[in-house]
>>> print(open('coords_24.tsv').read())   # TSV, C-alpha atoms
chain	number	residue	atom	x	y	z
M	1	MET	CA	-47.70	-3.78	34.47
M	2	ASN	CA	-46.39	-5.36	31.27
M	3	GLU	CA	-42.97	-4.25	30.12
M	4	ILE	CA	-42.33	-3.89	26.40
M	5	LYS	CA	-40.03	-6.60	25.13
M	6	TYR	CA	-37.87	-5.31	22.32
M	7	THR	CA	-36.98	-7.58	19.41
M	8	ILE	CA	-33.35	-8.30	18.66
M	9	LEU	CA	-32.19	-9.93	15.42
M	10	TYR	CA	-28.85	-11.69	15.79
M	11	VAL	CA	-27.12	-12.91	12.61
M	12	ASP	CA	-24.14	-15.27	12.84
M	13	ASP	CA	-23.06	-18.21	10.68
M	14	GLU	CA	-22.05	-20.26	13.75
M	15	GLU	CA	-24.92	-22.19	15.32
M	16	ILE	CA	-23.30	-22.30	18.77
M	17	ASN	CA	-23.04	-18.49	18.84
M	18	LEU	CA	-26.72	-18.19	17.92
M	19	ARG	CA	-27.75	-20.60	20.69
M	20	VAL	CA	-25.59	-18.93	23.34
M	21	PHE	CA	-26.90	-15.47	22.43
M	22	LYS	CA	-30.53	-16.60	22.44
M	23	ASN	CA	-30.18	-18.45	25.74
M	24	THR	CA	-28.41	-15.48	27.34
M	25	PHE	CA	-30.92	-12.78	26.34
M	26	ARG	CA	-34.28	-14.52	25.80
M	27	ARG	CA	-35.64	-13.36	29.17
M	28	ASP	CA	-34.82	-9.73	28.43
M	29	PHE	CA	-35.72	-9.48	24.74
M	30	ASN	CA	-37.58	-11.26	21.94
M	31	ILE	CA	-34.70	-12.91	20.10
M	32	LEU	CA	-34.73	-13.73	16.39
M	33	ILE	CA	-31.71	-15.63	15.09
M	34	ALA	CA	-30.45	-16.10	11.55
M	35	GLY	CA	-27.55	-18.11	10.18
M	36	SER	CA	-27.02	-15.82	7.18
M	37	ALA	CA	-27.69	-12.31	5.91
M	38	LYS	CA	-30.34	-13.69	3.54
M	39	GLU	CA	-32.17	-15.32	6.45
M	40	GLY	CA	-31.80	-12.08	8.45
M	41	ILE	CA	-33.42	-10.02	5.68
M	42	SER	CA	-36.25	-12.54	5.49
M	43	LEU	CA	-36.88	-12.18	9.24
M	44	MET	CA	-36.82	-8.38	8.93
M	45	ASP	CA	-39.46	-8.64	6.21
M	46	GLN	CA	-41.69	-10.55	8.67
M	47	HIS	CA	-41.01	-8.86	12.03
M	48	LYS	CA	-40.53	-5.41	13.53
M	49	VAL	CA	-36.90	-5.46	14.67
M	50	ASP	CA	-35.59	-2.97	17.23
M	51	VAL	CA	-31.89	-3.91	17.17
M	52	VAL	CA	-29.81	-5.75	14.59
M	53	ILE	CA	-26.65	-7.48	15.77
M	54	THR	CA	-24.43	-9.21	13.25
M	55	ASP	CA	-21.18	-11.10	13.19
M	56	GLN	CA	-18.64	-9.45	10.88
M	57	ARG	CA	-16.91	-12.51	9.39
M	58	MET	CA	-19.42	-14.76	7.67
M	59	PRO	CA	-18.87	-16.87	4.54
M	60	GLU	CA	-21.37	-15.32	2.10
M	61	THR	CA	-21.81	-11.76	3.38
M	62	THR	CA	-19.83	-9.74	5.92
M	63	GLY	CA	-21.61	-7.96	8.72
M	64	VAL	CA	-20.86	-4.62	7.06
M	65	GLU	CA	-22.33	-5.84	3.76
M	66	PHE	CA	-25.41	-6.98	5.70
M	67	LEU	CA	-25.74	-3.52	7.28
M	68	LYS	CA	-25.48	-1.97	3.82
M	69	MET	CA	-28.34	-4.22	2.65
M	70	ILE	CA	-30.44	-3.16	5.65
M	71	HIS	CA	-29.57	0.52	5.10
M	72	GLU	CA	-30.74	0.34	1.49
M	73	ARG	CA	-33.82	-1.77	2.13
M	74	TYR	CA	-35.03	-0.32	5.45
M	75	PRO	CA	-33.78	3.29	5.65
M	76	HIS	CA	-36.54	4.13	8.18
M	77	ILE	CA	-35.25	1.70	10.82
M	78	PRO	CA	-33.40	3.55	13.60
M	79	PRO	CA	-29.62	3.14	13.91
M	80	ASN	CA	-29.78	0.28	16.37
M	81	ARG	CA	-27.11	-1.75	14.60
M	82	LEU	CA	-24.23	-3.57	16.28
M	83	ILE	CA	-21.37	-5.70	14.96
M	84	LEU	CA	-19.75	-8.46	17.00
M	85	SER	CA	-16.37	-9.70	15.88
M	86	GLY	CA	-13.44	-11.71	17.09
M	87	PHE	CA	-11.26	-9.56	14.83
M	88	ALA	CA	-9.98	-6.02	15.25
M	89	ARG	CA	-11.96	-3.00	14.18
M	90	ASP	CA	-10.83	-2.11	10.65
M	91	GLU	CA	-11.59	0.24	7.74
M	92	GLU	CA	-14.68	-1.72	6.75
M	93	ILE	CA	-16.08	-1.27	10.28
M	94	GLU	CA	-15.27	2.46	10.12
M	95	LEU	CA	-17.21	2.61	6.84
M	96	ALA	CA	-20.21	1.03	8.59
M	97	PHE	CA	-20.14	3.76	11.26
M	98	LYS	CA	-20.02	6.48	8.60
M	99	LYS	CA	-22.41	5.11	5.99
M	100	TYR	CA	-24.64	2.34	7.41
M	101	ARG	CA	-25.57	3.71	10.83
M	102	LEU	CA	-23.54	1.26	12.91
M	103	PHE	CA	-24.12	2.10	16.58
M	104	SER	CA	-21.39	0.01	18.22
M	105	PHE	CA	-18.63	-2.50	17.56
M	106	ILE	CA	-18.25	-5.24	20.22
M	107	SER	CA	-15.28	-7.58	20.41
M	108	LYS	CA	-15.82	-11.29	20.94
M	109	PRO	CA	-15.96	-12.88	23.39
M	110	TRP	CA	-18.62	-10.54	24.76
M	111	ASN	CA	-19.67	-10.06	28.35
M	112	ALA	CA	-23.44	-10.55	28.82
M	113	GLU	CA	-23.99	-7.61	31.19
M	114	GLU	CA	-21.94	-5.21	29.07
M	115	LEU	CA	-23.64	-6.33	25.86
M	116	LYS	CA	-27.08	-5.95	27.46
M	117	LYS	CA	-26.19	-2.34	28.43
M	118	ILE	CA	-25.03	-1.61	24.87
M	119	ILE	CA	-28.26	-3.09	23.44
M	120	ILE	CA	-30.37	-0.95	25.80
M	121	ASN	CA	-28.30	2.14	24.90
M	122	ALA	CA	-28.84	1.41	21.20
M	123	ILE	CA	-32.61	1.11	21.75
M	124	GLU	CA	-32.72	4.37	23.72
M	125	TYR	CA	-30.60	6.14	21.10
M	126	GLY	CA	-32.81	4.91	18.27
M	127	ASN	CA	-35.98	5.88	20.12
M	128	GLY	CA	-34.64	9.24	21.26
>>> encode(input="coords_24.tsv", output="structure tokens")
Amino acid sequence: MNEIKYTILYVDDEEINLRVFKNTFRRDFNILIAGSAKEGISLMDQHKVDVVITDQRMPETTGVEFLKMIHERYPHIPPNRLILSGFARDEEIELAFKKYRLFSFISKPWNAEELKKIIINAIEYGNG
């Protein structure tokens, strides 16, 4: 029996973070990685994405700004949106929960097992 492999888009401006994420979760999910919000939008134009995970602090666009772009461009996509950040949850993150369908905020460094559970919960929530 073939299990459905969900597609995760991970956006982060740091190459090492992208590699670590992909190597950690590639057996569990189809992983798409992008080094910028612009690249992330391009991948979303080309692929069905089940969960979007973004870093908050990036040079050109914050994670919240990226979620706003997704919210405006793809309103039909379920709220499977996560932000990873090495910084504390702030007002901008709270705005993302209220307006841009943020599902969860995860502090860096993340734990692989915990993050996998959150991703699965986000998928189930979005599909429920």
>>> residues_around(input="coords_24.tsv", residues="Lys5 (chain M)", least_positions_apart="6", cutoff="7 Å", atoms="all atoms listed in the file", output="JSON, numbers by chain")
{"M": [28, 29, 30]}
>>> closest_atom_pairs(input="coords_24.tsv", of="region 44-77 of chain M", to="region 11-21 of chain M", cutoff="8 Å", atoms="all atoms listed in the file", output="tab-separated table")
residue	atom	partner	partner_atom	distance
M:Val52	CA	M:Val11	CA	7.9
M:Ile53	CA	M:Val11	CA	6.3
M:Thr54	CA	M:Val11	CA	4.6
M:Asp55	CA	M:Asp12	CA	5.1
M:Met58	CA	M:Asp13	CA	5.8
M:Pro59	CA	M:Asp13	CA	7.6
>>> closest_residue(input="coords_24.tsv", among="M:Asn111, M:Asn80, M:Ser85, M:Ser104", to="Val49 (chain M)", atoms="all atoms listed in the file")
M:Asn80
>>> residues_around(input="coords_24.tsv", residues="region 66-78 of chain M", least_positions_apart="3", cutoff="9 Å", atoms="all atoms listed in the file", output="ChimeraX atom specification")
/M:37-38,40-41,44,49-52,54,56,61-63,81,96,99-102,123,125-127
>>> atom_distance(input="coords_24.tsv", atom1="CA of His47 (chain M)", atom2="CA of Arg26 (chain M)")
16.3 Å
>>> atom_distance(input="coords_24.tsv", atom1="CA of Ile120 (chain M)", atom2="CA of Ile4 (chain M)")
12.3 Å
>>> atom_distance(input="coords_24.tsv", atom1="CA of Leu84 (chain M)", atom2="CA of Leu115 (chain M)")
9.9 Å
>>> closest_residue(input="coords_24.tsv", among="M:Val64, M:Ser107, M:Leu82, M:Ile31", to="Asn121 (chain M)", atoms="only C-alpha atoms")
M:Leu82
>>> closest_residue(input="coords_24.tsv", among="M:Glu65, M:Ile33, M:Lys117, M:Lys108", to="Leu95 (chain M)", atoms="only C-alpha atoms")
M:Glu65
>>> axis_aligned_box(input="coords_24.tsv", around="region 34-42 of chain M", padding_each_side="5 Å", output="JSON")
{"center_x": -31.6, "center_y": -14.1, "center_z": 7.5, "size_x": 19.2, "size_y": 18.1, "size_z": 18.0}
